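Here is the file run.txt (compact mmCIF, C-alpha atoms).
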# COMPACT_ATOMS: atom_id res chain seq x y z
CA ARG A 29 6.16 2.19 1.85
CA ARG A 30 3.45 4.18 3.56
CA ILE A 31 1.95 5.72 0.42
CA LEU A 32 1.28 2.20 -0.87
CA TRP A 33 -1.57 1.81 1.62
CA CYS A 34 -4.16 3.66 -0.40
CA VAL A 35 -3.11 1.76 -3.51
CA LEU A 36 -3.65 -1.59 -1.81
CA PHE A 37 -7.00 -0.75 -0.32
CA GLY A 38 -8.16 0.79 -3.56
CA ILE A 39 -7.42 -2.58 -5.16
CA MET A 40 -9.30 -4.45 -2.45
CA THR A 41 -12.31 -2.20 -2.68
CA SER A 42 -12.54 -2.59 -6.45
CA ALA A 43 -12.45 -6.38 -6.21
CA PRO A 44 -15.51 -8.20 -7.63
CA LEU A 45 -16.12 -10.12 -4.42
CA ALA A 46 -18.43 -7.76 -2.57
CA SER A 47 -22.12 -7.46 -3.28
CA ALA A 48 -23.45 -4.45 -5.18
CA GLN A 49 -24.95 -3.09 -1.97
CA ILE A 50 -21.70 -3.07 -0.01
CA GLN A 51 -19.74 -1.83 -3.03
CA SER A 52 -22.03 1.16 -3.58
CA SER A 53 -22.17 2.28 0.02
CA GLY A 54 -19.90 1.05 2.77
CA LEU A 55 -16.67 0.22 0.97
CA ALA A 56 -16.49 3.48 -0.94
CA HIS A 57 -16.78 5.32 2.35
CA LEU A 58 -14.10 3.15 3.97
CA LEU A 59 -11.72 3.80 1.10
CA GLU A 60 -12.24 7.55 1.35
CA LEU A 61 -11.60 7.53 5.11
CA SER A 62 -8.44 5.51 4.48
CA ARG A 63 -7.30 7.95 1.78
CA GLN A 64 -7.76 10.86 4.15
CA GLY A 65 -6.01 9.14 7.06
CA GLN A 66 -9.11 9.45 9.27
CA LEU A 67 -8.38 6.33 11.29
CA SER A 68 -10.79 6.75 14.21
CA GLU A 69 -13.62 7.37 11.77
CA LEU A 70 -12.45 4.38 9.70
CA ILE A 71 -12.62 2.06 12.72
CA GLN A 72 -16.06 3.36 13.62
CA ALA A 73 -17.39 3.03 10.06
CA ALA A 74 -15.97 -0.47 9.54
CA THR A 75 -17.33 -1.63 12.90
CA SER A 76 -20.75 -0.21 12.04
CA LEU A 77 -20.73 -1.91 8.65
CA LEU A 78 -19.81 -5.23 10.23
CA SER A 79 -22.74 -4.94 12.64
CA SER A 80 -25.17 -5.05 9.72
CA GLU A 81 -27.13 -8.27 9.50
CA LYS A 82 -27.50 -7.76 5.74
CA LEU A 83 -23.89 -8.68 4.99
CA SER A 84 -23.09 -12.18 3.82
CA PRO A 85 -20.18 -13.88 5.60
CA VAL A 86 -17.81 -13.28 2.69
CA ASP A 87 -18.86 -9.61 2.39
CA ARG A 88 -17.58 -9.17 5.94
CA SER A 89 -14.00 -9.89 4.90
CA LEU A 90 -13.28 -6.48 3.34
CA PRO A 91 -14.48 -4.30 6.25
CA THR A 92 -12.56 -6.67 8.54
CA ALA A 93 -9.40 -6.11 6.49
CA TYR A 94 -9.97 -2.35 6.71
CA LEU A 95 -10.10 -2.69 10.48
CA GLY A 96 -6.76 -4.47 10.32
CA HIS A 97 -5.37 -1.59 8.28
CA ALA A 98 -6.70 1.02 10.70
CA TYR A 99 -5.30 -0.76 13.74
CA GLN A 100 -1.97 -1.15 11.98
CA GLU A 101 -1.82 2.55 11.23
CA ILE A 102 -2.45 3.50 14.86
CA GLY A 103 0.28 1.11 15.98
CA ASP A 104 -1.79 -1.72 17.45
CA SER A 105 -0.11 -4.58 15.60
CA HIS A 106 -1.71 -7.27 17.79
CA ALA A 107 -5.24 -6.11 16.95
CA ALA A 108 -4.28 -5.62 13.29
CA ILE A 109 -2.96 -9.16 12.93
CA GLY A 110 -6.14 -10.47 14.55
CA GLN A 111 -8.36 -8.63 12.07
CA TYR A 112 -6.32 -9.65 9.02
CA GLU A 113 -6.32 -13.29 10.12
CA LYS A 114 -10.07 -13.11 10.71
CA ALA A 115 -10.55 -11.78 7.17
CA LEU A 116 -8.37 -14.58 5.78
CA ALA A 117 -10.37 -17.17 7.71
CA ILE A 118 -13.65 -15.78 6.33
CA LEU A 119 -12.37 -15.95 2.76
CA ASP A 120 -10.91 -19.43 3.10
CA HIS A 121 -14.00 -20.80 4.84
CA ASP A 122 -16.50 -19.30 2.39
CA GLY A 123 -15.07 -20.85 -0.74
CA PRO A 124 -12.60 -19.93 -3.45
CA HIS A 125 -11.89 -16.20 -3.56
CA PRO A 126 -8.20 -16.27 -4.53
CA ALA A 127 -7.75 -12.64 -5.53
CA GLU A 128 -9.31 -11.28 -2.35
CA TYR A 129 -7.39 -13.82 -0.26
CA ALA A 130 -4.12 -12.77 -1.92
CA SER A 131 -4.88 -9.06 -1.36
CA THR A 132 -5.46 -9.70 2.34
CA LEU A 133 -2.27 -11.78 2.55
CA THR A 134 -0.45 -8.81 1.06
CA ALA A 135 -1.91 -6.44 3.64
CA LEU A 136 -0.79 -8.78 6.41
CA GLY A 137 2.65 -8.91 4.79
CA THR A 138 2.98 -5.14 5.04
CA LEU A 139 2.29 -5.39 8.76
CA TYR A 140 5.01 -8.00 9.29
CA GLU A 141 7.36 -5.82 7.27
CA GLU A 142 6.53 -2.86 9.49
CA ILE A 143 7.25 -4.72 12.74
CA GLY A 144 10.59 -5.96 11.44
CA GLN A 145 9.67 -9.53 10.48
CA THR A 146 10.95 -9.10 6.93
CA ASP A 147 11.30 -12.79 6.10
CA THR A 148 7.65 -13.41 7.00
CA ALA A 149 6.61 -10.37 4.98
CA LYS A 150 8.51 -11.54 1.90
CA HIS A 151 7.02 -15.02 2.25
CA LEU A 152 3.48 -13.59 2.30
CA PHE A 153 4.21 -11.31 -0.66
CA LEU A 154 5.58 -14.18 -2.72
CA ARG A 155 2.56 -16.33 -1.83
CA SER A 156 0.33 -13.51 -3.02
CA ILE A 157 2.28 -13.18 -6.27
CA ASP A 158 1.90 -16.91 -6.90
CA ILE A 159 -1.88 -16.73 -6.37
CA PHE A 160 -2.32 -13.67 -8.58
CA GLU A 161 -0.18 -15.10 -11.37
CA LYS A 162 -2.16 -18.35 -11.36
CA GLU A 163 -5.38 -16.35 -11.54
CA GLY A 164 -4.13 -14.20 -14.40
CA GLY A 165 -4.98 -10.62 -15.21
CA HIS A 166 -4.07 -9.09 -11.84
CA HIS A 167 -1.35 -6.82 -13.16
CA GLY A 168 -2.18 -3.89 -10.88
CA GLU A 169 -1.96 -6.06 -7.79
CA LEU A 170 1.29 -7.65 -8.96
CA ALA A 171 2.79 -4.23 -9.67
CA TRP A 172 1.93 -3.21 -6.11
CA ILE A 173 3.55 -6.27 -4.54
CA TRP A 174 6.72 -6.12 -6.64
CA ASN A 175 7.05 -2.47 -5.66
CA ASN A 176 6.79 -3.38 -2.00
CA LEU A 177 9.47 -6.04 -2.44
CA ALA A 178 11.63 -3.35 -4.05
CA ILE A 179 11.16 -1.17 -0.99
CA ILE A 180 12.27 -4.00 1.29
CA ALA A 181 15.37 -4.36 -0.90
CA THR A 182 16.15 -0.65 -0.63
CA ASN A 183 15.82 -0.85 3.15
CA GLN A 184 18.34 -3.70 3.06
CA GLN A 185 20.66 -1.65 0.82
CA SER A 186 20.33 -4.28 -1.91
CA LYS A 187 20.48 -2.15 -5.05
CA ARG A 188 20.49 -5.12 -7.41
CA ASN A 189 17.31 -6.65 -6.00
CA ALA A 190 15.64 -3.25 -5.67
CA GLN A 191 16.23 -2.49 -9.34
CA LYS A 192 15.09 -5.97 -10.38
CA TYR A 193 11.88 -5.78 -8.35
CA VAL A 194 10.95 -2.26 -9.41
CA ALA A 195 11.50 -3.29 -13.04
CA ARG A 196 8.99 -6.10 -12.49
CA SER A 197 6.61 -3.60 -10.94
CA ILE A 198 6.88 -1.24 -13.92
CA ALA A 199 6.39 -4.11 -16.37
CA GLU A 200 3.19 -5.19 -14.59
CA SER A 201 1.98 -1.58 -14.45
CA LYS A 202 2.27 -1.33 -18.22
CA LEU A 203 -0.04 -4.34 -18.55
CA ALA A 204 -2.56 -3.08 -16.01
CA LYS A 205 -5.75 -1.25 -16.92
CA ASN A 206 -6.58 2.13 -15.41
CA VAL A 207 -3.39 2.58 -13.38
CA THR A 208 -4.14 5.20 -10.73
CA SER A 209 -2.06 8.26 -9.96
CA ASP A 210 -1.49 6.80 -6.48
CA ALA A 211 0.05 3.65 -7.98
CA THR A 212 2.31 5.67 -10.26
CA ALA A 213 3.34 7.88 -7.33
CA ALA A 214 4.25 4.78 -5.32
CA VAL A 215 6.53 3.43 -8.04
CA LEU A 216 8.14 6.83 -8.58
CA THR A 217 8.85 7.08 -4.86
CA THR A 218 10.60 3.71 -4.93
CA GLN A 219 12.62 4.74 -7.98
CA ALA A 220 13.65 7.89 -6.12
CA ARG A 221 14.85 5.85 -3.17
CA ILE A 222 16.89 3.63 -5.48
CA ALA A 223 18.40 6.75 -7.07
CA GLU A 224 19.45 7.91 -3.61
CA LEU A 225 21.11 4.53 -3.01
CA ASN A 226 23.00 5.13 -6.26
CA HIS A 227 24.05 8.59 -5.00
CA ASP A 228 22.01 10.32 -7.70
CA PRO A 229 20.03 12.94 -5.76
CA HIS A 230 19.02 14.91 -8.87
CA THR A 231 17.12 11.93 -10.31
CA ALA A 232 15.64 11.33 -6.86
CA ILE A 233 14.43 14.94 -6.68
CA ALA A 234 12.78 14.70 -10.10
CA ASP A 235 11.01 11.45 -9.17
CA TYR A 236 9.88 12.71 -5.76
CA ARG A 237 8.53 15.94 -7.26
CA LEU A 238 6.49 14.05 -9.84
CA ALA A 239 5.27 11.57 -7.21
CA LEU A 240 4.19 14.45 -4.98
CA ALA A 241 2.32 16.16 -7.82
CA LEU A 242 0.46 12.94 -8.65
CA TRP A 243 -0.28 12.18 -5.01
CA LYS A 244 -1.76 15.62 -4.40
CA GLN A 245 -4.25 15.07 -7.23
CA THR A 246 -6.29 12.80 -4.94
CA HIS A 247 -5.09 13.55 -1.40
CA ALA A 248 -5.35 16.58 0.82
CA ALA A 249 -2.30 18.61 1.77
CA GLN A 250 -2.92 17.60 5.39
CA HIS A 251 -2.74 13.87 4.63
CA PRO A 252 0.13 12.21 6.57
CA GLU A 253 1.60 10.67 3.44
CA THR A 254 1.63 14.05 1.68
CA ALA A 255 3.78 15.34 4.52
CA TRP A 256 5.99 12.27 4.27
CA LEU A 257 6.64 12.91 0.58
CA TYR A 258 7.73 16.45 1.43
CA VAL A 259 10.16 14.98 3.98
CA LEU A 260 11.59 12.57 1.39
CA LEU A 261 11.94 15.37 -1.15
CA GLY A 262 13.63 17.56 1.44
CA ASP A 263 16.13 14.79 2.21
CA ALA A 264 16.92 14.48 -1.50
CA TYR A 265 17.57 18.22 -1.75
CA LEU A 266 19.80 17.93 1.31
CA GLN A 267 21.76 15.12 -0.35
CA ALA A 268 22.15 17.34 -3.41
CA GLY A 269 23.51 20.16 -1.24
CA ASP A 270 20.53 22.45 -1.91
CA ILE A 271 19.92 23.62 1.65
CA PRO A 272 17.36 26.38 0.87
CA SER A 273 15.12 23.96 -1.05
CA ALA A 274 15.49 21.33 1.66
CA ARG A 275 14.42 23.88 4.28
CA GLU A 276 11.48 24.94 2.12
CA MET A 277 10.21 21.33 1.91
CA THR A 278 10.32 20.88 5.69
CA ILE A 279 7.97 23.82 6.29
CA GLN A 280 5.35 22.79 3.71
Mind converting the file's structure to structure tokens?
Amino acid sequence: RRILWCVLFGIMTSAPLASAQIQSSGLAHLLELSRQGQLSELIQAATSLLSSEKLSPVDRSLPTAYLGHAYQEIGDSHAAIGQYEKALAILDHDGPHPAEYASTLTALGTLYEEIGQTDTAKHLFLRSIDIFEKEGGHHGELAWIWNNLAIIATNQQSKRNAQKYVARSIAESKLAKNVTSDATAAVLTTQARIAELNHDPHTAIADYRLALALWKQTHAAQHPETAWLYVLLGDAYLQAGDIPSAREMTIQ
């Protein structure tokens, strides 16, 4: 699930909501800090951006959501929920911005998933799907959410649902424009986990290796999620009985 973060916030940053000024300066910087896992700097930058008097109320929603993301990543779920709910309140109060509202709902859903409130997470994801489908054209966002639902299913050992949801994710990805390497890596990682559930470590290894190669195109070797992909790949090698390769992955 963790490598989905940069996909989600890339979607939010590319949304048409924000003014040209905030798009060209602050949000690009926030996305880069998020990509690099520089959470302290992300909190500082988002807080600084929010202190600007030049931002309209609705422009404040995206930096606020980034604060929620940063607090979530450092383990402060209480502060994260507060920031996400503040962003949702801004969007709802300032008029109809359904796509941005749905993206923030999705971010909040990932937090509830992380703290073990899976039913709440699934409810928020399905609400987001409903909003995006009514809007039309949000295939990248829908692919992201279906992939996250597939991950929940794998965590619950539900192979049938996992396969159904990841198939929906792939179908939406094929309809999306400019699918990023991060998004493809996320889906490949989920497919690898499903392969492991099916006791097919060789397919899992192939998917993890491709996901890692795609992920490293835009992320540093020191990024936490790069390390996590090495761990997942090492586990797959271990399941396949290839101890030397598993050991090699753990020291990357």
- Message: Show me, as a VMD selection string, the residues that have an atom within 10 Å of segment 133-137 of chain A when counting all atoms listed in the file, minus same-chain residues fewer than 3 positions from it.
- Response: chain A and resid 33 36 to 37 40 93 to 94 96 to 97 100 108 to 113 115 to 116 127 to 130 140 to 142 145 to 157 169 172 to 173 176
As lines of an AutoDock Vina configuration file, please report the centre and edge lengths, rounded to one decimal in Å, of the axis-aligned box that holds all listed atoms of segment 275-280 of chain A with 5 Å of padding on each of the six sides.
center_x = 9.9
center_y = 22.9
center_z = 4.1
size_x = 19.1
size_y = 14.1
size_z = 14.4
- Item | Among listed residues A:Leu225, A:Ala274, A:Ala98, A:Leu242, nearest Thr208 of chain A (using all atoms listed in the file) | A:Leu242
- Could you give me, as a list in words, the residues within 6 Å of segment 70-83 of chain A, counting only C-alpha atoms and dropping anything in the same chain fewer than 2 positions from it?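 So, after excluding close chain neighbours, the residues are Leu61, Leu67, Ser68, Asp87, Pro91 and Leu95 of chain A.
In terms of minimum interatomic distance to Tyr265 of chain A, A:Tyr236 ranks closest within A:Tyr236, A:Tyr99, A:Trp174, A:Phe160, counting only C-alpha atoms.
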- Query: Looking at A:Pro124, A:Pro272, A:Gly262, A:Gly165, which one is nearest to Arg237 of chain A, with distances taken over all atoms listed in the file?
  - Reply: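 Smallest separation from Arg237 of chain A among the options: A:Gly262.
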- Message: Ranking A:Ser201, A:Gln245, A:Gln267, A:Thr254 by minimum distance to Ile233 of chain A and counting all atoms listed in the file, which one comes first?
- Response: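 Selected residue with least distance to Ile233 of chain A: A:Gln267.
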- Query: Any idea what the distance is between atom CA of Ser131 of chain A and atom CA of Leu170 of chain A?
  - Reply: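 For atom CA of Ser131 of chain A relative to atom CA of Leu170 of chain A, the distance reads 9.9 Å.
Atom to atom, atom CA of Ile159 of chain A and atom CA of Arg221 of chain A stand 28.3 Å apart.
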- Point-to-point distance from atom CA of Ala213 of chain A to atom CA of Trp243 of chain A, Å rounded to tenths: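 Computed distance, atom CA of Ala213 of chain A to atom CA of Trp243 of chain A, equals 6.1 Å.
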- When distances are computed from all atoms listed in the file, which of A:Gln64, A:Glu163, A:Val207, A:Ile222 shows the smallest separation from Ala181 of chain A?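 Closest residue, counting all atoms listed in the file: A:Ile222.
Nearest residue to Gly168 of chain A among A:Leu240, A:Ala190, A:Ile198, A:Leu58 is A:Ile198, counting all atoms listed in the file.
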- Item | Residues within 9 Å of Thr278 of chain A, all atoms listed in the file, excluding chain neighbours under 3 positions, as a list in words | Ala255, Tyr258, Val259, Leu261, Gly262, Ser273, Ala274 and Arg275 of chain A
Residue completion, segment 109-131 of chain A, N, CA, C and O atoms, as a short mmCIF file (atom, residue, chain, number, x, y, z; two decimals), in the frame of the given file:
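Here's the written file result_25.cif:
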data_model
loop_
_atom_site.label_atom_id
_atom_site.label_comp_id
_atom_site.auth_asym_id
_atom_site.auth_seq_id
_atom_site.Cartn_x
_atom_site.Cartn_y
_atom_site.Cartn_z
N ILE A 109 -3.17 -7.78 13.35
CA ILE A 109 -2.96 -9.16 12.93
C ILE A 109 -4.22 -9.97 13.13
O ILE A 109 -4.62 -10.77 12.27
N GLY A 110 -4.91 -9.76 14.28
CA GLY A 110 -6.14 -10.47 14.55
C GLY A 110 -7.21 -10.22 13.49
O GLY A 110 -7.89 -11.15 13.04
N GLN A 111 -7.34 -8.96 13.07
CA GLN A 111 -8.36 -8.63 12.07
C GLN A 111 -7.99 -9.20 10.69
O GLN A 111 -8.85 -9.73 9.98
N TYR A 112 -6.73 -9.09 10.31
CA TYR A 112 -6.32 -9.65 9.02
C TYR A 112 -6.53 -11.17 9.00
O TYR A 112 -7.01 -11.72 8.01
N GLU A 113 -6.15 -11.84 10.08
CA GLU A 113 -6.32 -13.29 10.12
C GLU A 113 -7.80 -13.67 10.12
O GLU A 113 -8.17 -14.69 9.54
N LYS A 114 -8.63 -12.86 10.74
CA LYS A 114 -10.07 -13.11 10.71
C LYS A 114 -10.59 -12.98 9.28
O LYS A 114 -11.40 -13.80 8.83
N ALA A 115 -10.12 -11.95 8.56
CA ALA A 115 -10.55 -11.78 7.17
C ALA A 115 -10.09 -12.96 6.31
O ALA A 115 -10.85 -13.46 5.46
N LEU A 116 -8.87 -13.43 6.53
CA LEU A 116 -8.37 -14.58 5.78
C LEU A 116 -9.19 -15.83 6.08
O LEU A 116 -9.49 -16.62 5.17
N ALA A 117 -9.57 -16.01 7.34
CA ALA A 117 -10.37 -17.17 7.71
C ALA A 117 -11.74 -17.13 7.05
O ALA A 117 -12.27 -18.15 6.60
N ILE A 118 -12.34 -15.93 6.99
CA ILE A 118 -13.65 -15.78 6.33
C ILE A 118 -13.54 -16.19 4.86
O ILE A 118 -14.36 -16.95 4.35
N LEU A 119 -12.53 -15.68 4.19
CA LEU A 119 -12.37 -15.95 2.76
C LEU A 119 -12.09 -17.42 2.49
O LEU A 119 -12.63 -18.01 1.54
N ASP A 120 -11.27 -18.02 3.31
CA ASP A 120 -10.91 -19.43 3.10
C ASP A 120 -12.09 -20.35 3.42
O ASP A 120 -12.31 -21.35 2.74
N HIS A 121 -12.87 -19.97 4.42
CA HIS A 121 -14.00 -20.80 4.84
C HIS A 121 -15.17 -20.71 3.86
O HIS A 121 -15.93 -21.67 3.69
N ASP A 122 -15.31 -19.55 3.21
CA ASP A 122 -16.50 -19.30 2.39
C ASP A 122 -16.28 -19.65 0.91
O ASP A 122 -17.03 -19.24 0.06
N GLY A 123 -15.26 -20.42 0.63
CA GLY A 123 -15.07 -20.85 -0.74
C GLY A 123 -13.93 -20.17 -1.44
O GLY A 123 -13.19 -19.37 -0.84
N PRO A 124 -13.76 -20.45 -2.71
CA PRO A 124 -12.60 -19.93 -3.45
C PRO A 124 -12.75 -18.46 -3.84
O PRO A 124 -13.56 -18.11 -4.68
N HIS A 125 -11.97 -17.62 -3.21
CA HIS A 125 -11.89 -16.20 -3.56
C HIS A 125 -10.41 -15.84 -3.60
O HIS A 125 -9.92 -15.09 -2.76
N PRO A 126 -9.66 -16.39 -4.57
CA PRO A 126 -8.20 -16.27 -4.53
C PRO A 126 -7.68 -14.85 -4.59
O PRO A 126 -6.72 -14.51 -3.88
N ALA A 127 -8.28 -14.00 -5.41
CA ALA A 127 -7.75 -12.64 -5.53
C ALA A 127 -7.91 -11.86 -4.23
O ALA A 127 -7.00 -11.16 -3.79
N GLU A 128 -9.07 -11.99 -3.60
CA GLU A 128 -9.31 -11.28 -2.35
C GLU A 128 -8.44 -11.86 -1.23
O GLU A 128 -7.93 -11.13 -0.37
N TYR A 129 -8.26 -13.17 -1.25
CA TYR A 129 -7.39 -13.82 -0.26
C TYR A 129 -5.96 -13.31 -0.42
O TYR A 129 -5.29 -12.96 0.57
N ALA A 130 -5.49 -13.24 -1.66
CA ALA A 130 -4.12 -12.77 -1.92
C ALA A 130 -3.95 -11.31 -1.51
O ALA A 130 -2.91 -10.92 -0.96
N SER A 131 -4.97 -10.47 -1.75
CA SER A 131 -4.88 -9.06 -1.36
C SER A 131 -4.76 -8.93 0.16
O SER A 131 -3.99 -8.10 0.66
#
